[in-house]
file model09.cif (mmCIF, C-alpha atoms and all ligand atoms)
data_run
#
loop_
_atom_site.group_PDB
_atom_site.id
_atom_site.type_symbol
_atom_site.label_atom_id
_atom_site.label_comp_id
_atom_site.auth_asym_id
_atom_site.auth_seq_id
_atom_site.Cartn_x
_atom_site.Cartn_y
_atom_site.Cartn_z
ATOM 1 C CA MET Y 1 -10.274 -2.899 10.578
ATOM 2 C CA THR Y 2 -12.053 -2.435 7.264
ATOM 3 C CA THR Y 3 -10.426 -4.561 4.641
ATOM 4 C CA VAL Y 4 -10.897 -5.158 0.950
ATOM 5 C CA ALA Y 5 -9.096 -8.116 -0.572
ATOM 6 C CA SER Y 6 -8.787 -9.793 -3.934
ATOM 7 C CA GLN Y 7 -8.874 -13.521 -4.554
ATOM 8 C CA ASP Y 8 -5.953 -14.935 -6.573
ATOM 9 C CA PHE Y 9 -3.481 -15.322 -3.673
ATOM 10 C CA ASP Y 10 -3.709 -15.707 0.083
ATOM 11 C CA SER Y 11 -4.789 -12.126 0.701
ATOM 12 C CA ALA Y 12 -5.849 -12.804 4.277
ATOM 13 C CA ALA Y 13 -2.356 -14.065 5.144
ATOM 14 C CA PHE Y 14 -0.649 -11.035 3.584
ATOM 15 C CA LEU Y 15 -2.987 -8.681 5.466
ATOM 16 C CA ARG Y 16 -2.532 -10.527 8.750
ATOM 17 C CA LEU Y 17 1.257 -10.441 8.462
ATOM 18 C CA GLY Y 18 1.139 -6.750 7.575
ATOM 19 C CA THR Y 19 3.582 -4.420 5.918
ATOM 20 C CA ALA Y 20 6.222 -4.341 8.672
ATOM 21 C CA THR Y 21 6.625 -8.117 8.893
ATOM 22 C CA LEU Y 22 6.474 -8.549 5.116
ATOM 23 C CA TYR Y 23 9.101 -5.848 4.611
ATOM 24 C CA GLU Y 24 11.491 -7.293 7.202
ATOM 25 C CA ALA Y 25 10.997 -10.838 5.990
ATOM 26 C CA SER Y 26 11.431 -9.899 2.332
ATOM 27 C CA LYS Y 27 14.929 -8.369 2.600
ATOM 28 C CA LEU Y 28 13.783 -6.305 -0.392
ATOM 29 C CA ASN Y 29 13.701 -2.579 -1.140
ATOM 30 C CA CYS Y 30 9.909 -2.695 -1.171
ATOM 31 C CA PHE Y 31 8.676 -0.023 1.296
ATOM 32 C CA LEU Y 32 7.200 3.050 -0.374
ATOM 33 C CA PRO Y 33 8.094 6.498 1.052
ATOM 34 C CA PRO Y 34 6.702 6.886 4.580
ATOM 35 C CA ARG Y 35 4.960 10.130 3.588
ATOM 36 C CA ILE Y 36 2.356 7.872 1.945
ATOM 37 C CA ARG Y 37 -0.151 7.270 4.749
ATOM 38 C CA PRO Y 38 -3.694 5.870 5.066
ATOM 39 C CA VAL Y 39 -6.222 8.694 4.741
ATOM 40 C CA TRP Y 40 -8.631 7.020 7.145
ATOM 41 C CA ALA Y 41 -7.936 4.913 10.225
ATOM 42 C CA GLY Y 42 -8.221 1.188 9.580
ATOM 43 C CA ALA Y 43 -7.763 1.320 5.812
ATOM 44 C CA ALA Y 44 -5.975 -1.759 4.501
ATOM 45 C CA VAL Y 45 -5.765 -3.437 1.126
ATOM 46 C CA VAL Y 46 -3.942 -6.133 -0.806
ATOM 47 C CA GLY Y 47 -4.089 -6.403 -4.590
ATOM 48 C CA ARG Y 48 -2.222 -6.269 -7.887
ATOM 49 C CA ALA Y 49 -0.385 -3.066 -8.811
ATOM 50 C CA LEU Y 50 -1.458 -0.944 -11.761
ATOM 51 C CA PRO Y 51 1.307 1.700 -12.008
ATOM 52 C CA VAL Y 52 0.366 5.202 -13.135
ATOM 53 C CA THR Y 53 2.290 8.453 -13.627
ATOM 54 C CA THR Y 54 0.734 11.893 -13.944
ATOM 55 C CA GLY Y 55 1.664 15.327 -15.165
ATOM 56 C CA PRO Y 56 1.781 18.007 -12.463
ATOM 57 C CA ALA Y 57 -1.643 18.244 -10.770
ATOM 58 C CA ASP Y 58 -3.206 16.399 -13.722
ATOM 59 C CA ASN Y 59 -5.644 13.595 -12.972
ATOM 60 C CA LEU Y 60 -6.505 12.558 -16.537
ATOM 61 C CA PRO Y 61 -4.360 9.387 -16.181
ATOM 62 C CA LEU Y 62 -6.495 8.282 -13.226
ATOM 63 C CA HIS Y 63 -9.644 8.402 -15.347
ATOM 64 C CA ILE Y 64 -7.810 6.436 -18.068
ATOM 65 C CA ALA Y 65 -6.575 3.902 -15.498
ATOM 66 C CA LEU Y 66 -10.146 3.100 -14.489
ATOM 67 C CA GLU Y 67 -10.818 1.924 -18.042
ATOM 68 C CA LEU Y 68 -7.630 -0.180 -18.213
ATOM 69 C CA ALA Y 69 -7.794 -1.630 -14.693
ATOM 70 C CA ARG Y 70 -8.682 -5.236 -13.990
ATOM 71 C CA PRO Y 71 -10.702 -6.368 -10.967
ATOM 72 C CA GLY Y 72 -8.331 -6.845 -8.047
ATOM 73 C CA ASP Y 73 -6.012 -4.022 -9.068
ATOM 74 C CA VAL Y 74 -4.679 -1.312 -6.762
ATOM 75 C CA LEU Y 75 -3.632 1.898 -8.533
ATOM 76 C CA VAL Y 76 -0.080 2.926 -7.576
ATOM 77 C CA VAL Y 77 0.362 6.498 -8.731
ATOM 78 C CA ASP Y 78 3.377 8.774 -8.974
ATOM 79 C CA GLY Y 79 1.605 12.103 -8.554
ATOM 80 C CA ARG Y 80 4.885 14.038 -8.231
ATOM 81 C CA GLN Y 81 4.110 14.786 -4.570
ATOM 82 C CA GLU Y 82 1.678 17.474 -5.748
ATOM 83 C CA ALA Y 83 -0.706 18.555 -2.981
ATOM 84 C CA CYS Y 84 -3.909 18.635 -5.034
ATOM 85 C CA GLY Y 85 -7.149 16.700 -5.193
ATOM 86 C CA TYR Y 86 -6.158 14.005 -7.676
ATOM 87 C CA TRP Y 87 -8.823 11.669 -6.288
ATOM 88 C CA GLY Y 88 -11.981 11.810 -4.231
ATOM 89 C CA GLU Y 89 -15.420 10.339 -3.723
ATOM 90 C CA VAL Y 90 -16.448 10.251 -7.377
ATOM 91 C CA LEU Y 91 -13.315 8.433 -8.545
ATOM 92 C CA SER Y 92 -13.565 6.049 -5.578
ATOM 93 C CA ALA Y 93 -17.109 5.139 -6.569
ATOM 94 C CA ALA Y 94 -15.981 4.693 -10.180
ATOM 95 C CA ALA Y 95 -13.045 2.534 -9.069
ATOM 96 C CA ALA Y 96 -15.175 0.316 -6.856
ATOM 97 C CA ALA Y 97 -17.607 -0.163 -9.756
ATOM 98 C CA ARG Y 98 -14.681 -1.520 -11.815
ATOM 99 C CA GLY Y 99 -13.468 -3.870 -9.085
ATOM 100 C CA VAL Y 100 -10.449 -1.699 -8.255
ATOM 101 C CA LEU Y 101 -9.579 -2.372 -4.632
ATOM 102 C CA GLY Y 102 -7.684 0.749 -3.583
ATOM 103 C CA LEU Y 103 -5.414 3.681 -4.384
ATOM 104 C CA VAL Y 104 -1.823 4.441 -3.404
ATOM 105 C CA ILE Y 105 -0.650 7.879 -4.539
ATOM 106 C CA ASP Y 106 2.423 10.050 -4.011
ATOM 107 C CA GLY Y 107 0.216 13.125 -4.198
ATOM 108 C CA GLY Y 108 -2.961 14.525 -2.697
ATOM 109 C CA VAL Y 109 -6.560 13.332 -2.358
ATOM 110 C CA ARG Y 110 -9.775 14.893 -1.009
ATOM 111 C CA ASP Y 111 -13.280 13.902 0.194
ATOM 112 C CA THR Y 112 -11.640 11.860 2.940
ATOM 113 C CA ASP Y 113 -14.789 11.542 5.116
ATOM 114 C CA GLN Y 114 -16.590 10.055 2.133
ATOM 115 C CA LEU Y 115 -13.709 7.678 1.363
ATOM 116 C CA ARG Y 116 -13.954 6.378 4.932
ATOM 117 C CA GLU Y 117 -17.758 6.090 4.753
ATOM 118 C CA ARG Y 118 -17.459 4.130 1.509
ATOM 119 C CA GLY Y 119 -14.707 1.950 2.961
ATOM 120 C CA PHE Y 120 -12.506 2.622 -0.059
ATOM 121 C CA PRO Y 121 -8.848 2.255 1.009
ATOM 122 C CA VAL Y 122 -6.673 5.221 -0.017
ATOM 123 C CA PHE Y 123 -3.042 5.894 0.900
ATOM 124 C CA SER Y 124 -1.641 9.307 -0.048
ATOM 125 C CA SER Y 125 1.184 11.713 0.697
ATOM 126 C CA SER Y 126 -1.228 14.596 1.343
ATOM 127 C CA VAL Y 127 -4.855 15.594 1.716
ATOM 128 C CA ALA Y 128 -5.583 18.676 -0.398
ATOM 129 C CA VAL Y 129 -8.562 20.214 -2.164
ATOM 130 C CA ARG Y 130 -6.691 22.126 -4.896
ATOM 131 C CA THR Y 131 -8.193 21.349 -8.292
ATOM 132 C CA THR Y 132 -6.531 19.322 -11.049
ATOM 133 C CA VAL Y 133 -6.197 19.814 -14.802
ATOM 134 C CA LYS Y 134 -6.983 17.098 -17.350
ATOM 135 C CA ASP Y 135 -4.371 17.702 -20.061
ATOM 136 C CA ASP Y 136 -1.730 14.965 -20.055
ATOM 137 C CA ALA Y 137 -2.490 11.237 -20.407
ATOM 138 C CA GLY Y 138 0.623 10.335 -18.398
ATOM 139 C CA THR Y 139 1.350 6.609 -18.314
ATOM 140 C CA VAL Y 140 -0.838 3.705 -17.243
ATOM 141 C CA GLY Y 141 0.547 0.195 -16.874
ATOM 142 C CA ASP Y 142 4.205 0.956 -17.632
ATOM 143 C CA PRO Y 143 6.735 0.126 -14.878
ATOM 144 C CA ILE Y 144 7.533 3.026 -12.552
ATOM 145 C CA THR Y 145 9.893 3.757 -9.673
ATOM 146 C CA LEU Y 146 8.284 5.376 -6.655
ATOM 147 C CA GLY Y 147 10.661 6.669 -3.994
ATOM 148 C CA GLY Y 148 13.311 4.320 -5.349
ATOM 149 C CA VAL Y 149 11.013 1.275 -5.231
ATOM 150 C CA PRO Y 150 10.259 -0.436 -8.548
ATOM 151 C CA VAL Y 151 6.557 -1.018 -9.258
ATOM 152 C CA ALA Y 152 5.420 -3.154 -12.204
ATOM 153 C CA ARG Y 153 1.948 -4.165 -13.270
ATOM 154 C CA GLY Y 154 0.895 -7.266 -11.347
ATOM 155 C CA ASP Y 155 3.248 -6.779 -8.407
ATOM 156 C CA LEU Y 156 1.650 -7.392 -5.040
ATOM 157 C CA VAL Y 157 0.644 -4.264 -3.106
ATOM 158 C CA VAL Y 158 0.011 -4.539 0.624
ATOM 159 C CA ALA Y 159 -1.022 -1.382 2.492
ATOM 160 C CA ASP Y 160 -2.052 -0.925 6.106
ATOM 161 C CA ALA Y 161 -1.625 1.355 9.125
ATOM 162 C CA ASP Y 162 2.176 1.210 8.847
ATOM 163 C CA GLY Y 163 2.471 2.128 5.157
ATOM 164 C CA VAL Y 164 2.760 0.416 1.788
ATOM 165 C CA VAL Y 165 4.960 -2.384 0.431
ATOM 166 C CA VAL Y 166 5.179 -3.488 -3.201
ATOM 167 C CA ILE Y 167 6.450 -7.041 -3.644
ATOM 168 C CA PRO Y 168 7.618 -8.211 -7.077
ATOM 169 C CA ARG Y 169 5.097 -10.682 -8.464
ATOM 170 C CA LEU Y 170 7.603 -13.530 -8.715
ATOM 171 C CA SER Y 171 8.800 -12.971 -5.126
ATOM 172 C CA ALA Y 172 5.351 -13.065 -3.529
ATOM 173 C CA ASP Y 173 5.380 -16.771 -2.572
ATOM 174 C CA ALA Y 174 8.862 -16.573 -1.049
ATOM 175 C CA VAL Y 175 8.007 -13.385 0.867
ATOM 176 C CA LEU Y 176 4.833 -14.967 2.208
ATOM 177 C CA ALA Y 177 6.794 -18.011 3.419
ATOM 178 C CA ALA Y 178 9.450 -15.806 5.033
ATOM 179 C CA GLY Y 179 6.748 -13.676 6.630
ATOM 180 C CA LEU Y 180 5.007 -16.718 8.118
ATOM 181 C CA ALA Y 181 8.336 -17.907 9.548
ATOM 182 C CA ARG Y 182 8.964 -14.492 11.100
ATOM 183 C CA GLU Y 183 5.443 -14.447 12.539
ATOM 184 C CA ALA Y 184 6.043 -17.847 14.163
ATOM 185 C CA ALA Y 185 9.381 -16.709 15.604
ATOM 186 C CA GLU Y 186 7.791 -13.556 17.025
ATOM 187 C CA ALA Y 187 5.007 -15.614 18.619
ATOM 188 C CA GLY Y 188 7.758 -17.481 20.446
ATOM 189 C CA TYR Y 189 9.357 -14.218 21.571
ATOM 190 C CA LEU Y 190 6.011 -12.943 22.858
ATOM 191 C CA SER Y 191 5.525 -16.118 24.926
ATOM 192 C CA ARG Y 192 8.945 -15.697 26.485
ATOM 193 C CA ILE Y 193 8.262 -11.996 27.236
ATOM 194 C CA ALA Y 194 5.004 -12.991 28.925
ATOM 195 C CA GLU Y 195 7.069 -15.311 31.140
ATOM 196 C CA GLY Y 196 9.328 -12.453 32.186
ATOM 197 C CA GLU Y 197 12.324 -12.769 29.870
ATOM 198 C CA LEU Y 198 14.113 -9.690 28.546
ATOM 199 C CA THR Y 199 14.552 -8.966 24.856
ATOM 200 C CA LEU Y 200 18.294 -8.614 25.522
ATOM 201 C CA ASP Y 201 18.363 -12.340 26.342
ATOM 202 C CA ILE Y 202 15.757 -13.510 23.836
ATOM 203 C CA TYR Y 203 17.650 -11.914 20.949
ATOM 204 C CA GLY Y 204 21.103 -12.583 22.416
ATOM 205 C CA PHE Y 205 21.951 -8.866 22.504
ATOM 206 C CA ARG Y 206 23.325 -8.800 26.071
ATOM 207 C CA PRO Y 207 26.882 -7.506 26.039
ATOM 208 C CA ALA Y 208 29.382 -9.991 27.482
ATOM 209 C CA GLY Y 209 29.686 -9.803 31.278
ATOM 210 C CA THR Y 210 26.314 -8.068 31.966
ATOM 211 C CA ASP Y 211 24.125 -11.101 32.808
HETATM 212 O O1 LIG L 1 -12.914 15.675 -9.003
HETATM 213 C C1 LIG L 1 -11.962 14.899 -9.046
HETATM 214 O O2 LIG L 1 -11.412 14.552 -10.069
HETATM 215 C C2 LIG L 1 -11.438 14.354 -7.733
HETATM 216 C C3 LIG L 1 -12.573 14.262 -6.786
HETATM 217 O O3 LIG L 1 -12.785 15.134 -5.951
HETATM 218 C C4 LIG L 1 -13.491 13.116 -6.872
HETATM 219 O O4 LIG L 1 -13.154 12.103 -7.513
HETATM 220 O O5 LIG L 1 -14.558 13.174 -6.227
HETATM 221 MG MG MG L 2 -14.871 15.093 -5.147
#
call {"tool": "encode", "arguments": {"input": "model09.cif", "output": "structure tokens", "more": "lines below"}}
Ligand SMILES: O=C([O-])CC(=O)C(=O)O
Ligand SMILES: [Mg+2]
result
Amino acid sequence: MTTVASQDFDSAAFLRLGTATLYEASKLNCFLPPRIRPVWAGAAVVGRALPVTTGPADNLPLHIALELARPGDVLVVDGRQEACGYWGEVLSAAAAARGVLGLVIDGGVRDTDQLRERGFPVFSSSVAVRTTVKDDAGTVGDPITLGGVPVARGDLVVADADGVVVIPRLSADAVLAAGLAREAAEAGYLSRIAEGELTLDIYGFRPAGTD
């Protein structure tokens, strides 16, 4: 797995736990729409959210975001589900030069072979080459809601093969602790499975009278 991680929290632990365990452990509405998928196999990232909204098929806000971003940020973009090339190799190179760790966008991206070759993690709802306009500055840094999930600047973004979660900044420590506890419990379940036990018994799901 190719991974890019920032430094001001235990990024390795968040990446190891992964989005599914973090989501389940969090008990939060923190999973972005499942249409948002990694554009290359093995992409994964953890960082601080920089929320962005765009006009329809307008990527001017993404250029603006690269000026306002701080190292360790991940752009989280409401691109209105437009299937167009909001982002590609050039913007990935520009982002990496600014210390931006990745892109999550409810919209399209292009140059996906080059994104993989550069190891720049991108998660998008489509891959599309259609061109963009540069008319509307949109918003950069203001809180957004993406697929019903609130995203504020500085929230923790974790993205991997299963999708993307956005954890409120002040909940990150508690979610990490809950995730580690879930990981430990699952390690116990896996040991019992290896010894031949059934999940019906491990989880206590067996209906009365069927053992
Ligand atoms: O041209 C654009 O704005 C998007 C793109 O393909 C790139 O960043 O390489
Ligand atoms: Mg390009």
call {"tool": "resolve_selection", "arguments": {"input": "model09.cif", "expression": "the PyMOL selection byres (((chain Y and resi 173) around 12) and not hetatm)", "output": "MDAnalysis selection string"}}
result
chainID Y and resid 9:11 13:14 22 25:26 155:156 167:172 174:180
call {"tool": "resolve_selection", "arguments": {"input": "model09.cif", "expression": "the PyMOL selection byres (((not hetatm)) within 6 of (chain L and resi 2))", "output": "ChimeraX atom specification"}}
result
/Y:88-90,111
call {"tool": "write_last_selection", "arguments": {"input": "model09.cif", "atoms": "C-alpha atoms", "output": "PDB file, in the frame of the given file"}}
result
ATOM      1  CA  GLY Y  88     -11.981  11.810  -4.231  1.00  0.00           C
ATOM      2  CA  GLU Y  89     -15.420  10.339  -3.723  1.00  0.00           C
ATOM      3  CA  VAL Y  90     -16.448  10.251  -7.377  1.00  0.00           C
ATOM      4  CA  ASP Y 111     -13.280  13.902   0.194  1.00  0.00           C
TER       5      ASP Y 111
END
call {"tool": "residues_near_ligand", "arguments": {"input": "model09.cif", "ligand": "ligand LIG 1 (chain L)", "cutoff": "9 Å", "atoms": "only C-alpha atoms and all ligand atoms", "output": "VMD selection string"}}
result
chain Y and resid 59 to 60 62 to 63 85 to 94 109 to 111 129 131 to 134
call {"tool": "write_last_selection", "arguments": {"input": "model09.cif", "atoms": "C-alpha atoms", "output": "short mmCIF file (atom, residue, chain, number, x, y, z; two decimals), in the frame of the given file"}}
result
data_model
loop_
_atom_site.label_atom_id
_atom_site.label_comp_id
_atom_site.auth_asym_id
_atom_site.auth_seq_id
_atom_site.Cartn_x
_atom_site.Cartn_y
_atom_site.Cartn_z
CA ASN Y 59 -5.64 13.60 -12.97
CA LEU Y 60 -6.50 12.56 -16.54
CA LEU Y 62 -6.50 8.28 -13.23
CA HIS Y 63 -9.64 8.40 -15.35
CA GLY Y 85 -7.15 16.70 -5.19
CA TYR Y 86 -6.16 14.00 -7.68
CA TRP Y 87 -8.82 11.67 -6.29
CA GLY Y 88 -11.98 11.81 -4.23
CA GLU Y 89 -15.42 10.34 -3.72
CA VAL Y 90 -16.45 10.25 -7.38
CA LEU Y 91 -13.32 8.43 -8.54
CA SER Y 92 -13.56 6.05 -5.58
CA ALA Y 93 -17.11 5.14 -6.57
CA ALA Y 94 -15.98 4.69 -10.18
CA VAL Y 109 -6.56 13.33 -2.36
CA ARG Y 110 -9.78 14.89 -1.01
CA ASP Y 111 -13.28 13.90 0.19
CA VAL Y 129 -8.56 20.21 -2.16
CA THR Y 131 -8.19 21.35 -8.29
CA THR Y 132 -6.53 19.32 -11.05
CA VAL Y 133 -6.20 19.81 -14.80
CA LYS Y 134 -6.98 17.10 -17.35
#
call {"tool": "residues_around", "arguments": {"input": "model09.cif", "residues": "range 202-210 of chain Y", "least_positions_apart": "3", "cutoff": "9 Å", "atoms": "all atoms listed in the file", "output": "mmCIF file with C-alpha atoms, in the coordinates of the input"}}
result
data_model
loop_
_atom_site.group_PDB
_atom_site.id
_atom_site.type_symbol
_atom_site.label_atom_id
_atom_site.label_comp_id
_atom_site.auth_asym_id
_atom_site.auth_seq_id
_atom_site.Cartn_x
_atom_site.Cartn_y
_atom_site.Cartn_z
ATOM 1 C CA TYR Y 189 9.357 -14.218 21.571
ATOM 2 C CA ARG Y 192 8.945 -15.697 26.485
ATOM 3 C CA ILE Y 193 8.262 -11.996 27.236
ATOM 4 C CA GLU Y 197 12.324 -12.769 29.870
ATOM 5 C CA LEU Y 198 14.113 -9.690 28.546
ATOM 6 C CA THR Y 199 14.552 -8.966 24.856
#
call {"tool": "closest_residue", "arguments": {"input": "model09.cif", "among": "Y:Pro150, Y:Gly79, Y:Gly196, Y:Pro34", "to": "Leu103 in chain Y", "atoms": "only C-alpha atoms"}}
result
Y:Gly79
call {"tool": "resolve_selection", "arguments": {"input": "model09.cif", "expression": "the PyMOL selection byres (((chain Y and resi 140-145) around 8) and not hetatm)", "output": "list in words"}}
result
Leu50, Pro51, Val52, Thr53, Pro61, Ile64, Ala65, Leu68, Asp78, Gly138, Thr139, Leu146, Gly147, Gly148, Val149, Pro150, Val151, Ala152 and Arg153 of chain Y
call {"tool": "closest_residue", "arguments": {"input": "model09.cif", "among": "Y:Val127, Y:Leu32, Y:Leu17, Y:Ala43", "to": "Ala161 in chain Y", "atoms": "only C-alpha atoms"}}
result
Y:Ala43
call {"tool": "closest_residue", "arguments": {"input": "model09.cif", "among": "Y:Pro38, Y:Gly72, Y:Gly163, Y:Gly99", "to": "Ser124 in chain Y", "atoms": "all atoms listed in the file"}}
result
Y:Pro38
call {"tool": "residues_around", "arguments": {"input": "model09.cif", "residues": "Arg80 in chain Y", "least_positions_apart": "4", "cutoff": "7 Å", "atoms": "only C-alpha atoms", "output": "number ranges by chain"}}
result
Y: 56, 106-107
call {"tool": "closest_residue", "arguments": {"input": "model09.cif", "among": "Y:Leu28, Y:Ala159, Y:Ala95, Y:Ala128", "to": "Thr112 in chain Y", "atoms": "all atoms listed in the file"}}
result
Y:Ala128
call {"tool": "atom_distance", "arguments": {"input": "model09.cif", "atom1": "CA of Arg98 in chain Y", "atom2": "CA of Val157 in chain Y"}}
result
17.8 Å
call {"tool": "atom_distance", "arguments": {"input": "model09.cif", "atom1": "CA of Val46 in chain Y", "atom2": "CA of Glu186 in chain Y"}}
result
22.6 Å
call {"tool": "atom_distance", "arguments": {"input": "model09.cif", "atom1": "CA of Glu117 in chain Y", "atom2": "CA of Val74 in chain Y"}}
result
18.9 Å
call {"tool": "axis_aligned_box", "arguments": {"input": "model09.cif", "around": "range 147-158 of chain Y", "padding_each_side": "3 Å", "output": "JSON"}}
result
{"center_x": 6.7, "center_y": -0.4, "center_z": -6.3, "size_x": 19.3, "size_y": 20.1, "size_z": 19.9}
call {"tool": "residues_around", "arguments": {"input": "model09.cif", "residues": "Val164 in chain Y", "least_positions_apart": "5", "cutoff": "10 Å", "atoms": "all atoms listed in the file", "output": "number ranges by chain"}}
result
Y: 18-20, 23, 30-34, 36-38, 44-46, 104, 123, 157-159
call {"tool": "closest_residue", "arguments": {"input": "model09.cif", "among": "Y:Gln114, Y:Thr54, Y:Gln81, Y:Ser191", "to": "Asp135 in chain Y", "atoms": "all atoms listed in the file"}}
result
Y:Thr54
call {"tool": "build_atoms", "arguments": {"input": "model09.cif", "residues": "range 85-107 of chain Y", "atoms": "N, CA and C atoms", "output": "PDB file, in the frame of the given file"}}
result
ATOM      1  N   GLY Y  85      -6.125  17.729  -5.343  1.00  0.00           N
ATOM      2  CA  GLY Y  85      -7.149  16.700  -5.193  1.00  0.00           C
ATOM      3  C   GLY Y  85      -7.220  15.776  -6.400  1.00  0.00           C
ATOM      4  N   TYR Y  86      -6.188  14.953  -6.550  1.00  0.00           N
ATOM      5  CA  TYR Y  86      -6.158  14.005  -7.676  1.00  0.00           C
ATOM      6  C   TYR Y  86      -7.355  13.057  -7.658  1.00  0.00           C
ATOM      7  N   TRP Y  87      -7.873  12.775  -6.472  1.00  0.00           N
ATOM      8  CA  TRP Y  87      -8.823  11.669  -6.288  1.00  0.00           C
ATOM      9  C   TRP Y  87      -9.781  12.036  -5.183  1.00  0.00           C
ATOM     10  N   GLY Y  88     -11.009  11.551  -5.277  1.00  0.00           N
ATOM     11  CA  GLY Y  88     -11.981  11.810  -4.231  1.00  0.00           C
ATOM     12  C   GLY Y  88     -13.114  10.806  -4.290  1.00  0.00           C
ATOM     13  N   GLU Y  89     -14.293  11.266  -3.840  1.00  0.00           N
ATOM     14  CA  GLU Y  89     -15.420  10.339  -3.723  1.00  0.00           C
ATOM     15  C   GLU Y  89     -15.872   9.804  -5.075  1.00  0.00           C
ATOM     16  N   VAL Y  90     -15.925  10.687  -6.072  1.00  0.00           N
ATOM     17  CA  VAL Y  90     -16.448  10.251  -7.377  1.00  0.00           C
ATOM     18  C   VAL Y  90     -15.538   9.178  -7.977  1.00  0.00           C
ATOM     19  N   LEU Y  91     -14.235   9.423  -7.973  1.00  0.00           N
ATOM     20  CA  LEU Y  91     -13.315   8.433  -8.545  1.00  0.00           C
ATOM     21  C   LEU Y  91     -13.295   7.151  -7.698  1.00  0.00           C
ATOM     22  N   SER Y  92     -13.494   7.262  -6.407  1.00  0.00           N
ATOM     23  CA  SER Y  92     -13.565   6.049  -5.578  1.00  0.00           C
ATOM     24  C   SER Y  92     -14.782   5.208  -5.943  1.00  0.00           C
ATOM     25  N   ALA Y  93     -15.908   5.876  -6.156  1.00  0.00           N
ATOM     26  CA  ALA Y  93     -17.109   5.139  -6.569  1.00  0.00           C
ATOM     27  C   ALA Y  93     -16.890   4.489  -7.929  1.00  0.00           C
ATOM     28  N   ALA Y  94     -16.258   5.237  -8.840  1.00  0.00           N
ATOM     29  CA  ALA Y  94     -15.981   4.693 -10.180  1.00  0.00           C
ATOM     30  C   ALA Y  94     -15.010   3.517 -10.099  1.00  0.00           C
ATOM     31  N   ALA Y  95     -14.020   3.618  -9.232  1.00  0.00           N
ATOM     32  CA  ALA Y  95     -13.045   2.534  -9.069  1.00  0.00           C
ATOM     33  C   ALA Y  95     -13.709   1.293  -8.505  1.00  0.00           C
ATOM     34  N   ALA Y  96     -14.505   1.475  -7.465  1.00  0.00           N
ATOM     35  CA  ALA Y  96     -15.175   0.316  -6.856  1.00  0.00           C
ATOM     36  C   ALA Y  96     -16.075  -0.371  -7.872  1.00  0.00           C
ATOM     37  N   ALA Y  97     -16.726   0.413  -8.733  1.00  0.00           N
ATOM     38  CA  ALA Y  97     -17.607  -0.163  -9.756  1.00  0.00           C
ATOM     39  C   ALA Y  97     -16.841  -1.007 -10.757  1.00  0.00           C
ATOM     40  N   ARG Y  98     -15.536  -0.754 -10.899  1.00  0.00           N
ATOM     41  CA  ARG Y  98     -14.681  -1.520 -11.815  1.00  0.00           C
ATOM     42  C   ARG Y  98     -13.944  -2.651 -11.116  1.00  0.00           C
ATOM     43  N   GLY Y  99     -14.173  -2.821  -9.818  1.00  0.00           N
ATOM     44  CA  GLY Y  99     -13.468  -3.870  -9.085  1.00  0.00           C
ATOM     45  C   GLY Y  99     -12.077  -3.483  -8.637  1.00  0.00           C
ATOM     46  N   VAL Y 100     -11.747  -2.194  -8.761  1.00  0.00           N
ATOM     47  CA  VAL Y 100     -10.449  -1.699  -8.255  1.00  0.00           C
ATOM     48  C   VAL Y 100     -10.530  -1.634  -6.737  1.00  0.00           C
ATOM     49  N   LEU Y 101      -9.491  -2.154  -6.076  1.00  0.00           N
ATOM     50  CA  LEU Y 101      -9.579  -2.372  -4.632  1.00  0.00           C
ATOM     51  C   LEU Y 101      -9.061  -1.214  -3.797  1.00  0.00           C
ATOM     52  N   GLY Y 102      -8.222  -0.345  -4.391  1.00  0.00           N
ATOM     53  CA  GLY Y 102      -7.684   0.749  -3.583  1.00  0.00           C
ATOM     54  C   GLY Y 102      -6.778   1.626  -4.405  1.00  0.00           C
ATOM     55  N   LEU Y 103      -6.295   2.698  -3.751  1.00  0.00           N
ATOM     56  CA  LEU Y 103      -5.414   3.681  -4.384  1.00  0.00           C
ATOM     57  C   LEU Y 103      -4.240   3.959  -3.466  1.00  0.00           C
ATOM     58  N   VAL Y 104      -3.042   3.976  -4.071  1.00  0.00           N
ATOM     59  CA  VAL Y 104      -1.823   4.441  -3.404  1.00  0.00           C
ATOM     60  C   VAL Y 104      -1.293   5.560  -4.281  1.00  0.00           C
ATOM     61  N   ILE Y 105      -1.078   6.756  -3.699  1.00  0.00           N
ATOM     62  CA  ILE Y 105      -0.650   7.879  -4.539  1.00  0.00           C
ATOM     63  C   ILE Y 105       0.355   8.751  -3.805  1.00  0.00           C
ATOM     64  N   ASP Y 106       1.458   9.072  -4.518  1.00  0.00           N
ATOM     65  CA  ASP Y 106       2.423  10.050  -4.011  1.00  0.00           C
ATOM     66  C   ASP Y 106       1.945  11.414  -4.491  1.00  0.00           C
ATOM     67  N   GLY Y 107       0.915  11.904  -3.827  1.00  0.00           N
ATOM     68  CA  GLY Y 107       0.216  13.125  -4.198  1.00  0.00           C
ATOM     69  C   GLY Y 107      -0.994  13.252  -3.288  1.00  0.00           C
TER      70      GLY Y 107
END
